[in-house]
$ cat my_file_3.cif   # mmCIF, C-alpha atoms and all ligand atoms
data_start
loop_
_atom_site.label_atom_id
_atom_site.label_comp_id
_atom_site.auth_asym_id
_atom_site.auth_seq_id
_atom_site.Cartn_x
_atom_site.Cartn_y
_atom_site.Cartn_z
CA MET A 50 72.37 144.54 32.55
CA ILE A 51 70.90 141.54 34.33
CA SER A 52 69.42 138.79 32.14
CA ASN A 53 66.14 137.52 33.49
CA ILE A 54 65.87 133.84 32.64
CA ALA A 55 62.81 131.60 32.50
CA VAL A 56 63.19 127.84 32.21
CA LEU A 57 60.48 125.62 30.76
CA VAL A 58 60.55 122.02 31.94
CA SER A 59 58.50 118.83 31.93
CA GLY A 60 60.52 116.33 33.95
CA ARG A 61 63.53 115.52 36.06
CA GLY A 62 65.33 118.82 35.46
CA SER A 63 68.99 117.82 35.46
CA ASN A 64 69.71 120.45 32.79
CA LEU A 65 67.84 123.02 34.87
CA GLN A 66 70.07 122.01 37.79
CA SER A 67 73.20 122.61 35.71
CA ILE A 68 71.98 126.11 34.88
CA ILE A 69 71.10 126.82 38.54
CA ASP A 70 74.52 125.57 39.69
CA ASN A 71 76.38 127.63 37.11
CA VAL A 72 74.47 130.79 38.00
CA GLU A 73 75.10 130.19 41.71
CA SER A 74 78.81 129.49 41.16
CA GLY A 75 79.21 132.71 39.18
CA TYR A 76 80.20 130.95 35.92
CA ILE A 77 77.12 132.62 34.41
CA GLN A 78 77.19 136.20 35.67
CA ASN A 79 74.59 138.97 35.57
CA ALA A 80 71.75 136.50 35.24
CA LYS A 81 68.85 135.48 37.43
CA ILE A 82 66.50 132.54 37.00
CA LYS A 83 63.23 134.34 37.68
CA ILE A 84 60.77 131.53 37.05
CA VAL A 85 60.60 127.82 36.22
CA ILE A 86 57.44 126.81 34.38
CA SER A 87 56.30 123.22 34.04
CA ASP A 88 53.50 121.67 32.03
CA VAL A 89 53.64 118.61 34.35
CA ALA A 90 52.37 118.97 37.93
CA ASP A 91 54.84 116.64 39.62
CA ALA A 92 57.94 117.37 37.53
CA TYR A 93 60.97 116.93 39.77
CA ALA A 94 62.39 120.09 38.19
CA LEU A 95 59.87 122.05 40.30
CA GLU A 96 61.30 120.55 43.51
CA ARG A 97 64.80 121.44 42.43
CA SER A 98 63.70 125.05 41.83
CA LYS A 99 62.03 125.36 45.21
CA LYS A 100 65.18 124.09 46.93
CA HIS A 101 66.99 127.06 45.42
CA GLY A 102 64.26 129.58 46.21
CA ILE A 103 63.25 129.99 42.57
CA ASN A 104 59.65 130.87 41.68
CA THR A 105 57.74 128.08 39.99
CA ALA A 106 54.52 127.77 38.03
CA PHE A 107 52.64 124.72 36.90
CA ILE A 108 50.49 125.51 33.92
CA ASP A 109 48.10 122.73 33.08
CA PRO A 110 47.65 122.61 29.31
CA SER A 111 44.34 120.77 29.71
CA ARG A 112 42.82 123.89 31.30
CA PHE A 113 42.99 125.69 27.97
CA ALA A 114 40.80 125.34 24.91
CA SER A 115 43.77 125.61 22.55
CA LYS A 116 47.52 125.50 22.48
CA ARG A 117 47.45 129.17 21.58
CA GLU A 118 45.61 130.09 24.80
CA TYR A 119 47.93 127.88 26.84
CA GLU A 120 50.93 129.68 25.41
CA GLN A 121 49.34 133.09 25.93
CA GLU A 122 49.30 132.23 29.62
CA ILE A 123 52.99 131.37 29.46
CA ILE A 124 53.74 134.61 27.62
CA SER A 125 51.91 136.67 30.22
CA ILE A 126 53.92 135.03 33.01
CA LEU A 127 57.15 135.65 31.11
CA GLN A 128 56.20 139.29 30.67
CA VAL A 129 55.34 139.76 34.33
CA HIS A 130 58.86 138.56 35.15
CA ASP A 131 60.44 140.74 32.47
CA ILE A 132 62.11 137.71 30.90
CA ASN A 133 64.69 138.17 28.16
CA LEU A 134 65.96 134.60 27.82
CA VAL A 135 63.85 131.45 27.74
CA LEU A 136 65.47 128.03 28.16
CA LEU A 137 63.80 124.79 27.16
CA ALA A 138 65.30 122.19 29.49
CA GLY A 139 63.53 118.93 28.84
CA TYR A 140 60.30 120.72 27.92
CA MET A 141 58.35 118.10 26.02
CA ARG A 142 56.07 120.34 23.93
CA ILE A 143 56.51 121.89 20.55
CA VAL A 144 56.68 125.65 20.98
CA GLY A 145 54.03 127.56 19.03
CA SER A 146 54.47 130.59 16.79
CA ASP A 147 53.21 133.23 19.26
CA LEU A 148 55.80 132.28 21.86
CA ILE A 149 58.53 132.05 19.23
CA GLU A 150 57.62 135.45 17.75
CA THR A 151 57.37 137.15 21.15
CA TYR A 152 60.80 135.83 22.16
CA LYS A 153 62.41 135.75 18.74
CA ASN A 154 66.00 134.48 18.96
CA LYS A 155 65.70 134.46 22.73
CA ILE A 156 64.69 130.82 23.21
CA LEU A 157 67.39 128.14 23.55
CA ASN A 158 66.88 124.39 23.55
CA ILE A 159 69.14 121.48 24.48
CA HIS A 160 68.74 118.39 22.31
CA PRO A 161 70.44 115.01 22.94
CA ALA A 162 71.73 114.46 19.40
CA LEU A 163 74.08 115.98 16.89
CA LEU A 164 71.55 117.95 14.86
CA PRO A 165 70.42 117.89 12.14
CA SER A 166 70.49 114.13 12.78
CA PHE A 167 67.88 112.55 15.04
CA ARG A 168 65.43 115.34 15.66
CA GLY A 169 62.40 114.82 17.89
CA LEU A 170 61.78 112.22 20.55
CA HIS A 171 64.10 109.40 21.68
CA ALA A 172 67.08 110.89 19.87
CA GLN A 173 69.58 108.63 21.65
CA LYS A 174 67.63 105.52 20.66
CA GLN A 175 67.37 106.78 17.11
CA ALA A 176 71.16 107.19 17.07
CA LEU A 177 71.77 103.68 18.46
CA ASN A 178 69.34 102.09 16.02
CA TYR A 179 70.91 103.90 13.11
CA GLY A 180 74.32 102.57 14.06
CA VAL A 181 76.23 105.83 14.27
CA LYS A 182 79.64 105.61 15.94
CA VAL A 183 79.57 109.16 17.28
CA ALA A 184 76.63 110.76 19.07
CA GLY A 185 76.25 113.94 21.08
CA CYS A 186 74.17 116.96 21.95
CA THR A 187 73.28 120.36 20.56
CA VAL A 188 72.24 123.73 21.97
CA HIS A 189 70.29 125.73 19.42
CA PHE A 190 67.98 128.68 19.01
CA VAL A 191 64.37 127.61 18.69
CA ASP A 192 62.59 128.36 15.44
CA GLU A 193 59.23 127.33 13.96
CA ASP A 194 60.16 123.71 13.30
CA VAL A 195 61.26 120.95 15.67
CA ASP A 196 64.99 120.97 16.50
CA THR A 197 65.89 122.91 13.35
CA GLY A 198 67.03 126.28 14.70
CA PRO A 199 70.50 127.84 14.39
CA ILE A 200 73.14 125.79 16.20
CA ILE A 201 75.09 127.42 19.03
CA LEU A 202 77.20 124.60 20.46
CA GLN A 203 77.62 120.86 19.95
CA LYS A 204 79.61 118.20 21.73
CA CYS A 205 80.24 114.64 20.61
CA VAL A 206 80.67 111.41 22.51
CA PRO A 207 81.62 107.95 21.24
CA VAL A 208 79.02 105.23 20.80
CA LEU A 209 80.39 102.05 22.35
CA GLU A 210 79.76 98.50 21.23
CA GLU A 211 78.02 97.59 24.49
CA ASP A 212 75.90 100.75 24.74
CA THR A 213 72.25 100.64 25.69
CA GLU A 214 69.91 103.60 25.35
CA ASP A 215 70.56 104.35 29.04
CA THR A 216 74.34 104.24 28.93
CA LEU A 217 74.51 106.35 25.79
CA SER A 218 71.97 108.82 27.23
CA ASP A 219 74.06 109.18 30.40
CA ARG A 220 77.23 109.85 28.42
CA ILE A 221 75.43 112.48 26.33
CA LEU A 222 73.78 114.01 29.39
CA ASP A 223 77.18 114.70 30.99
CA GLN A 224 78.01 116.84 27.96
CA GLU A 225 74.57 118.51 27.95
CA HIS A 226 75.32 119.74 31.44
CA LYS A 227 78.46 121.44 30.10
CA ILE A 228 77.34 122.98 26.81
CA PHE A 229 73.96 124.33 27.96
CA PRO A 230 75.48 126.58 30.68
CA GLU A 231 78.27 127.52 28.26
CA ALA A 232 75.73 128.63 25.64
CA VAL A 233 73.71 130.53 28.25
CA LYS A 234 76.85 132.31 29.39
CA MET A 235 77.63 133.31 25.79
CA PHE A 236 74.09 134.56 25.25
CA VAL A 237 74.00 136.53 28.50
CA GLU A 238 77.35 138.13 27.70
CA GLY A 239 76.04 139.22 24.29
CA LYS A 240 78.60 137.09 22.48
CA LEU A 241 76.22 135.40 20.03
CA LYS A 242 75.48 136.96 16.66
CA LEU A 243 73.11 135.45 14.13
CA GLU A 244 73.90 135.67 10.42
CA GLY A 245 71.06 133.81 8.76
CA ARG A 246 71.22 130.41 10.39
CA ILE A 247 74.90 130.72 11.23
CA VAL A 248 75.68 131.62 14.84
CA ARG A 249 78.88 133.65 15.15
CA ARG A 250 80.73 133.83 18.43
CA LEU A 251 81.94 137.35 19.13
CA LYS A 252 85.26 137.87 20.94
C1 LIG A 301 67.64 115.88 28.06
O1 LIG A 301 68.25 114.76 27.48
C2 LIG A 301 67.43 116.97 27.04
O2 LIG A 301 68.45 117.02 26.07
C3 LIG A 301 66.15 116.56 26.39
O3 LIG A 301 65.35 116.06 27.43
C4 LIG A 301 66.20 115.58 28.47
C5 LIG A 301 65.81 116.32 29.71
O4 LIG A 301 66.50 115.89 30.85
N1 LIG A 301 65.56 117.69 25.68
P1 LIG A 301 66.46 116.76 32.17
O5 LIG A 301 64.99 116.97 32.52
O6 LIG A 301 67.15 118.06 31.90
O7 LIG A 301 67.16 115.94 33.20
#

$ encode --input "my_file_3.cif" --output "structure tokens"
Amino acid sequence: MISNIAVLVSGRGSNLQSIIDNVESGYIQNAKIKIVISDVADAYALERSKKHGINTAFIDPSRFASKREYEQEIISILQVHDINLVLLAGYMRIVGSDLIETYKNKILNIHPALLPSFRGLHAQKQALNYGVKVAGCTVHFVDEDVDTGPIILQKCVPVLEEDTEDTLSDRILDQEHKIFPEAVKMFVEGKLKLEGRIVRRLK
């Protein structure tokens, strides 16, 4: 069976690019990125998609009276494209309950910290300011709260004495580009099994 993937983005889209590249190279098989949806009109992620012939949609949240209506629009687009996996790749909004319920355990997010530490915005800066010596990134299922869902994969990187937010972010980003495609591959191949909040990897 082919997995139809939708990617939600808000910005530069380097994680989207890593998914595109890994689908094109055949590392992720039996999957198609059907649509990339942005809540930001000029997100560079949209350009990246077009370069690869992928459908895009800009949905302007300000056109809707409520978050619920905005997300209903997203859901209807996802349904038109028969989506069975939704990726949040730098999507800067908190996902609401309708979207989560409609795609229960089918939404994955990449977060630039070793959860459950440093949830939310500016995770790399939070890590630096806290003084941790190891940082990293996490791919997880999305649940009702922010960055709290069941963890699929994590990767750590060292925090160096001379690190700035930018240098640490770059080091983490390199790992994001590895574990997000890896998690997508596992999902698409049906290798992930949820037991409560524990994600088991099937052989
Ligand atoms: C990444 O650091 C991701 O972990 C976070 O937002 C950033 C998006 O970067 N959620 P990009 O748009 O994928 O380049």

$ residues_around --input "my_file_3.cif" --residues "range 83-85 of chain A" --least-positions-apart "2" --cutoff "12 Å" --atoms "all atoms listed in the file" --output "number ranges by chain"
A: 51-60, 62, 65-66, 68-69, 72, 80-81, 87-89, 92-99, 101-108, 123, 126-140

$ write_last_selection --input "my_file_3.cif" --atoms "C-alpha atoms" --output "mmCIF file, in the frame of the given file"
data_model
loop_
_atom_site.group_PDB
_atom_site.id
_atom_site.type_symbol
_atom_site.label_atom_id
_atom_site.label_comp_id
_atom_site.auth_asym_id
_atom_site.auth_seq_id
_atom_site.Cartn_x
_atom_site.Cartn_y
_atom_site.Cartn_z
ATOM 1 C CA ILE A 51 70.900 141.540 34.330
ATOM 2 C CA SER A 52 69.420 138.790 32.140
ATOM 3 C CA ASN A 53 66.140 137.520 33.490
ATOM 4 C CA ILE A 54 65.870 133.840 32.640
ATOM 5 C CA ALA A 55 62.810 131.600 32.500
ATOM 6 C CA VAL A 56 63.190 127.840 32.210
ATOM 7 C CA LEU A 57 60.480 125.620 30.760
ATOM 8 C CA VAL A 58 60.550 122.020 31.940
ATOM 9 C CA SER A 59 58.500 118.830 31.930
ATOM 10 C CA GLY A 60 60.520 116.330 33.950
ATOM 11 C CA GLY A 62 65.330 118.820 35.460
ATOM 12 C CA LEU A 65 67.840 123.020 34.870
ATOM 13 C CA GLN A 66 70.070 122.010 37.790
ATOM 14 C CA ILE A 68 71.980 126.110 34.880
ATOM 15 C CA ILE A 69 71.100 126.820 38.540
ATOM 16 C CA VAL A 72 74.470 130.790 38.000
ATOM 17 C CA ALA A 80 71.750 136.500 35.240
ATOM 18 C CA LYS A 81 68.850 135.480 37.430
ATOM 19 C CA SER A 87 56.300 123.220 34.040
ATOM 20 C CA ASP A 88 53.500 121.670 32.030
ATOM 21 C CA VAL A 89 53.640 118.610 34.350
ATOM 22 C CA ALA A 92 57.940 117.370 37.530
ATOM 23 C CA TYR A 93 60.970 116.930 39.770
ATOM 24 C CA ALA A 94 62.390 120.090 38.190
ATOM 25 C CA LEU A 95 59.870 122.050 40.300
ATOM 26 C CA GLU A 96 61.300 120.550 43.510
ATOM 27 C CA ARG A 97 64.800 121.440 42.430
ATOM 28 C CA SER A 98 63.700 125.050 41.830
ATOM 29 C CA LYS A 99 62.030 125.360 45.210
ATOM 30 C CA HIS A 101 66.990 127.060 45.420
ATOM 31 C CA GLY A 102 64.260 129.580 46.210
ATOM 32 C CA ILE A 103 63.250 129.990 42.570
ATOM 33 C CA ASN A 104 59.650 130.870 41.680
ATOM 34 C CA THR A 105 57.740 128.080 39.990
ATOM 35 C CA ALA A 106 54.520 127.770 38.030
ATOM 36 C CA PHE A 107 52.640 124.720 36.900
ATOM 37 C CA ILE A 108 50.490 125.510 33.920
ATOM 38 C CA ILE A 123 52.990 131.370 29.460
ATOM 39 C CA ILE A 126 53.920 135.030 33.010
ATOM 40 C CA LEU A 127 57.150 135.650 31.110
ATOM 41 C CA GLN A 128 56.200 139.290 30.670
ATOM 42 C CA VAL A 129 55.340 139.760 34.330
ATOM 43 C CA HIS A 130 58.860 138.560 35.150
ATOM 44 C CA ASP A 131 60.440 140.740 32.470
ATOM 45 C CA ILE A 132 62.110 137.710 30.900
ATOM 46 C CA ASN A 133 64.690 138.170 28.160
ATOM 47 C CA LEU A 134 65.960 134.600 27.820
ATOM 48 C CA VAL A 135 63.850 131.450 27.740
ATOM 49 C CA LEU A 136 65.470 128.030 28.160
ATOM 50 C CA LEU A 137 63.800 124.790 27.160
ATOM 51 C CA ALA A 138 65.300 122.190 29.490
ATOM 52 C CA GLY A 139 63.530 118.930 28.840
ATOM 53 C CA TYR A 140 60.300 120.720 27.920
#

$ closest_residue --input "my_file_3.cif" --among "A:Val181, A:Val233, A:Val208, A:Ala176" --to "Leu157 in chain A" --atoms "all atoms listed in the file"
A:Val233

$ axis_aligned_box --input "my_file_3.cif" --around "ligand LIG 301 (chain A)" --padding-each-side "6 Å" --output "JSON"
{"center_x": 66.7, "center_y": 116.4, "center_z": 29.4, "size_x": 15.5, "size_y": 15.3, "size_z": 19.5}

$ residues_near_point --input "my_file_3.cif" --point "(68.8, 106.7, 24.4)" --cutoff "12 Å" --atoms "only C-alpha atoms" --output "MDAnalysis selection string"
chainID A and resid 160:162 167 170:179 184:186 208 212:222

$ closest_residue --input "my_file_3.cif" --among "A:Ile159, A:Ile247, A:Leu209, A:Val195" --to "Ile228 in chain A" --atoms "all atoms listed in the file"
A:Ile159

$ closest_residue --input "my_file_3.cif" --among "A:Ser74, A:Gln203, A:Ser63, A:Thr151" --to "ligand LIG 301 (chain A)" --atoms "all atoms listed in the file"
A:Ser63

$ closest_residue --input "my_file_3.cif" --among "A:Arg250, A:Lys204, A:Lys234, A:Arg117" --to "Asp147 in chain A" --atoms "all atoms listed in the file"
A:Arg117

$ atom_distance --input "my_file_3.cif" --atom1 "CA of Lys227 in chain A" --atom2 "CA of Ile200 in chain A"
15.5 Å

$ atom_distance --input "my_file_3.cif" --atom1 "CA of Arg246 in chain A" --atom2 "CA of Gly198 in chain A"
7.3 Å

$ atom_distance --input "my_file_3.cif" --atom1 "CA of Lys116 in chain A" --atom2 "CA of Ser166 in chain A"
27.4 Å

$ closest_residue --input "my_file_3.cif" --among "A:Ile82, A:Gly169, A:Glu150, A:Ile156" --to "Phe236 in chain A" --atoms "all atoms listed in the file"
A:Ile156

$ closest_residue --input "my_file_3.cif" --among "A:Ile124, A:Leu163, A:Met50, A:Leu148" --to "ligand LIG 301 (chain A)" --atoms "all atoms listed in the file"
A:Leu163

$ build_atoms --input "my_file_3.cif" --residues "range 114-146 of chain A" --atoms "N, CA and C atoms" --output "PDB file, in the frame of the given file"
ATOM      1  N   ALA A 114      41.537 125.855  26.068  1.00  0.00           N
ATOM      2  CA  ALA A 114      40.800 125.340  24.910  1.00  0.00           C
ATOM      3  C   ALA A 114      41.742 125.070  23.743  1.00  0.00           C
ATOM      4  N   SER A 115      42.850 125.794  23.686  1.00  0.00           N
ATOM      5  CA  SER A 115      43.770 125.610  22.550  1.00  0.00           C
ATOM      6  C   SER A 115      45.199 125.790  23.032  1.00  0.00           C
ATOM      7  N   LYS A 116      46.094 125.329  22.199  1.00  0.00           N
ATOM      8  CA  LYS A 116      47.520 125.500  22.480  1.00  0.00           C
ATOM      9  C   LYS A 116      47.863 126.988  22.525  1.00  0.00           C
ATOM     10  N   ARG A 117      47.201 127.736  21.653  1.00  0.00           N
ATOM     11  CA  ARG A 117      47.450 129.170  21.580  1.00  0.00           C
ATOM     12  C   ARG A 117      47.135 129.845  22.921  1.00  0.00           C
ATOM     13  N   GLU A 118      45.990 129.486  23.508  1.00  0.00           N
ATOM     14  CA  GLU A 118      45.610 130.090  24.800  1.00  0.00           C
ATOM     15  C   GLU A 118      46.573 129.644  25.907  1.00  0.00           C
ATOM     16  N   TYR A 119      46.947 128.392  25.855  1.00  0.00           N
ATOM     17  CA  TYR A 119      47.930 127.880  26.840  1.00  0.00           C
ATOM     18  C   TYR A 119      49.217 128.705  26.756  1.00  0.00           C
ATOM     19  N   GLU A 120      49.675 128.938  25.551  1.00  0.00           N
ATOM     20  CA  GLU A 120      50.930 129.680  25.410  1.00  0.00           C
ATOM     21  C   GLU A 120      50.775 131.166  25.729  1.00  0.00           C
ATOM     22  N   GLN A 121      49.566 131.698  25.528  1.00  0.00           N
ATOM     23  CA  GLN A 121      49.340 133.090  25.930  1.00  0.00           C
ATOM     24  C   GLN A 121      49.537 133.243  27.434  1.00  0.00           C
ATOM     25  N   GLU A 122      49.109 132.220  28.165  1.00  0.00           N
ATOM     26  CA  GLU A 122      49.300 132.230  29.620  1.00  0.00           C
ATOM     27  C   GLU A 122      50.797 132.222  29.950  1.00  0.00           C
ATOM     28  N   ILE A 123      51.534 131.389  29.239  1.00  0.00           N
ATOM     29  CA  ILE A 123      52.990 131.370  29.460  1.00  0.00           C
ATOM     30  C   ILE A 123      53.586 132.731  29.142  1.00  0.00           C
ATOM     31  N   ILE A 124      53.190 133.303  28.021  1.00  0.00           N
ATOM     32  CA  ILE A 124      53.740 134.610  27.620  1.00  0.00           C
ATOM     33  C   ILE A 124      53.446 135.658  28.683  1.00  0.00           C
ATOM     34  N   SER A 125      52.230 135.629  29.220  1.00  0.00           N
ATOM     35  CA  SER A 125      51.910 136.670  30.220  1.00  0.00           C
ATOM     36  C   SER A 125      52.771 136.488  31.471  1.00  0.00           C
ATOM     37  N   ILE A 126      53.043 135.253  31.858  1.00  0.00           N
ATOM     38  CA  ILE A 126      53.920 135.030  33.010  1.00  0.00           C
ATOM     39  C   ILE A 126      55.353 135.510  32.692  1.00  0.00           C
ATOM     40  N   LEU A 127      55.803 135.218  31.496  1.00  0.00           N
ATOM     41  CA  LEU A 127      57.150 135.650  31.110  1.00  0.00           C
ATOM     42  C   LEU A 127      57.241 137.175  31.134  1.00  0.00           C
ATOM     43  N   GLN A 128      56.167 137.822  30.705  1.00  0.00           N
ATOM     44  CA  GLN A 128      56.200 139.290  30.670  1.00  0.00           C
ATOM     45  C   GLN A 128      56.170 139.891  32.068  1.00  0.00           C
ATOM     46  N   VAL A 129      55.385 139.275  32.941  1.00  0.00           N
ATOM     47  CA  VAL A 129      55.340 139.760  34.330  1.00  0.00           C
ATOM     48  C   VAL A 129      56.757 139.727  34.940  1.00  0.00           C
ATOM     49  N   HIS A 130      57.511 138.709  34.581  1.00  0.00           N
ATOM     50  CA  HIS A 130      58.860 138.560  35.150  1.00  0.00           C
ATOM     51  C   HIS A 130      59.940 139.242  34.302  1.00  0.00           C
ATOM     52  N   ASP A 131      59.503 139.964  33.286  1.00  0.00           N
ATOM     53  CA  ASP A 131      60.440 140.740  32.470  1.00  0.00           C
ATOM     54  C   ASP A 131      61.568 139.864  31.904  1.00  0.00           C
ATOM     55  N   ILE A 132      61.149 138.724  31.359  1.00  0.00           N
ATOM     56  CA  ILE A 132      62.110 137.710  30.900  1.00  0.00           C
ATOM     57  C   ILE A 132      62.743 138.120  29.566  1.00  0.00           C
ATOM     58  N   ASN A 133      64.065 137.948  29.471  1.00  0.00           N
ATOM     59  CA  ASN A 133      64.690 138.170  28.160  1.00  0.00           C
ATOM     60  C   ASN A 133      65.474 136.975  27.639  1.00  0.00           C
ATOM     61  N   LEU A 134      65.382 135.852  28.338  1.00  0.00           N
ATOM     62  CA  LEU A 134      65.960 134.600  27.820  1.00  0.00           C
ATOM     63  C   LEU A 134      65.116 133.440  28.326  1.00  0.00           C
ATOM     64  N   VAL A 135      64.679 132.609  27.384  1.00  0.00           N
ATOM     65  CA  VAL A 135      63.850 131.450  27.740  1.00  0.00           C
ATOM     66  C   VAL A 135      64.635 130.183  27.404  1.00  0.00           C
ATOM     67  N   LEU A 136      64.758 129.291  28.383  1.00  0.00           N
ATOM     68  CA  LEU A 136      65.470 128.030  28.160  1.00  0.00           C
ATOM     69  C   LEU A 136      64.483 126.872  28.162  1.00  0.00           C
ATOM     70  N   LEU A 137      64.580 126.018  27.166  1.00  0.00           N
ATOM     71  CA  LEU A 137      63.800 124.790  27.160  1.00  0.00           C
ATOM     72  C   LEU A 137      64.736 123.693  27.676  1.00  0.00           C
ATOM     73  N   ALA A 138      64.423 123.181  28.856  1.00  0.00           N
ATOM     74  CA  ALA A 138      65.300 122.190  29.490  1.00  0.00           C
ATOM     75  C   ALA A 138      64.482 120.930  29.750  1.00  0.00           C
ATOM     76  N   GLY A 139      64.369 120.111  28.711  1.00  0.00           N
ATOM     77  CA  GLY A 139      63.530 118.930  28.840  1.00  0.00           C
ATOM     78  C   GLY A 139      62.056 119.280  28.818  1.00  0.00           C
ATOM     79  N   TYR A 140      61.714 120.321  28.075  1.00  0.00           N
ATOM     80  CA  TYR A 140      60.300 120.720  27.920  1.00  0.00           C
ATOM     81  C   TYR A 140      59.753 119.923  26.733  1.00  0.00           C
ATOM     82  N   MET A 141      58.739 119.112  26.995  1.00  0.00           N
ATOM     83  CA  MET A 141      58.350 118.100  26.020  1.00  0.00           C
ATOM     84  C   MET A 141      57.236 118.548  25.062  1.00  0.00           C
ATOM     85  N   ARG A 142      57.084 119.848  24.869  1.00  0.00           N
ATOM     86  CA  ARG A 142      56.070 120.340  23.930  1.00  0.00           C
ATOM     87  C   ARG A 142      56.717 121.106  22.796  1.00  0.00           C
ATOM     88  N   ILE A 143      56.035 121.092  21.679  1.00  0.00           N
ATOM     89  CA  ILE A 143      56.510 121.890  20.550  1.00  0.00           C
ATOM     90  C   ILE A 143      56.047 123.325  20.774  1.00  0.00           C
ATOM     91  N   VAL A 144      56.995 124.241  20.699  1.00  0.00           N
ATOM     92  CA  VAL A 144      56.680 125.650  20.980  1.00  0.00           C
ATOM     93  C   VAL A 144      55.942 126.248  19.785  1.00  0.00           C
ATOM     94  N   GLY A 145      54.854 126.980  20.088  1.00  0.00           N
ATOM     95  CA  GLY A 145      54.030 127.560  19.030  1.00  0.00           C
ATOM     96  C   GLY A 145      54.548 128.913  18.552  1.00  0.00           C
ATOM     97  N   SER A 146      53.934 129.402  17.478  1.00  0.00           N
ATOM     98  CA  SER A 146      54.470 130.590  16.790  1.00  0.00           C
ATOM     99  C   SER A 146      54.361 131.863  17.626  1.00  0.00           C
TER     100      SER A 146
END
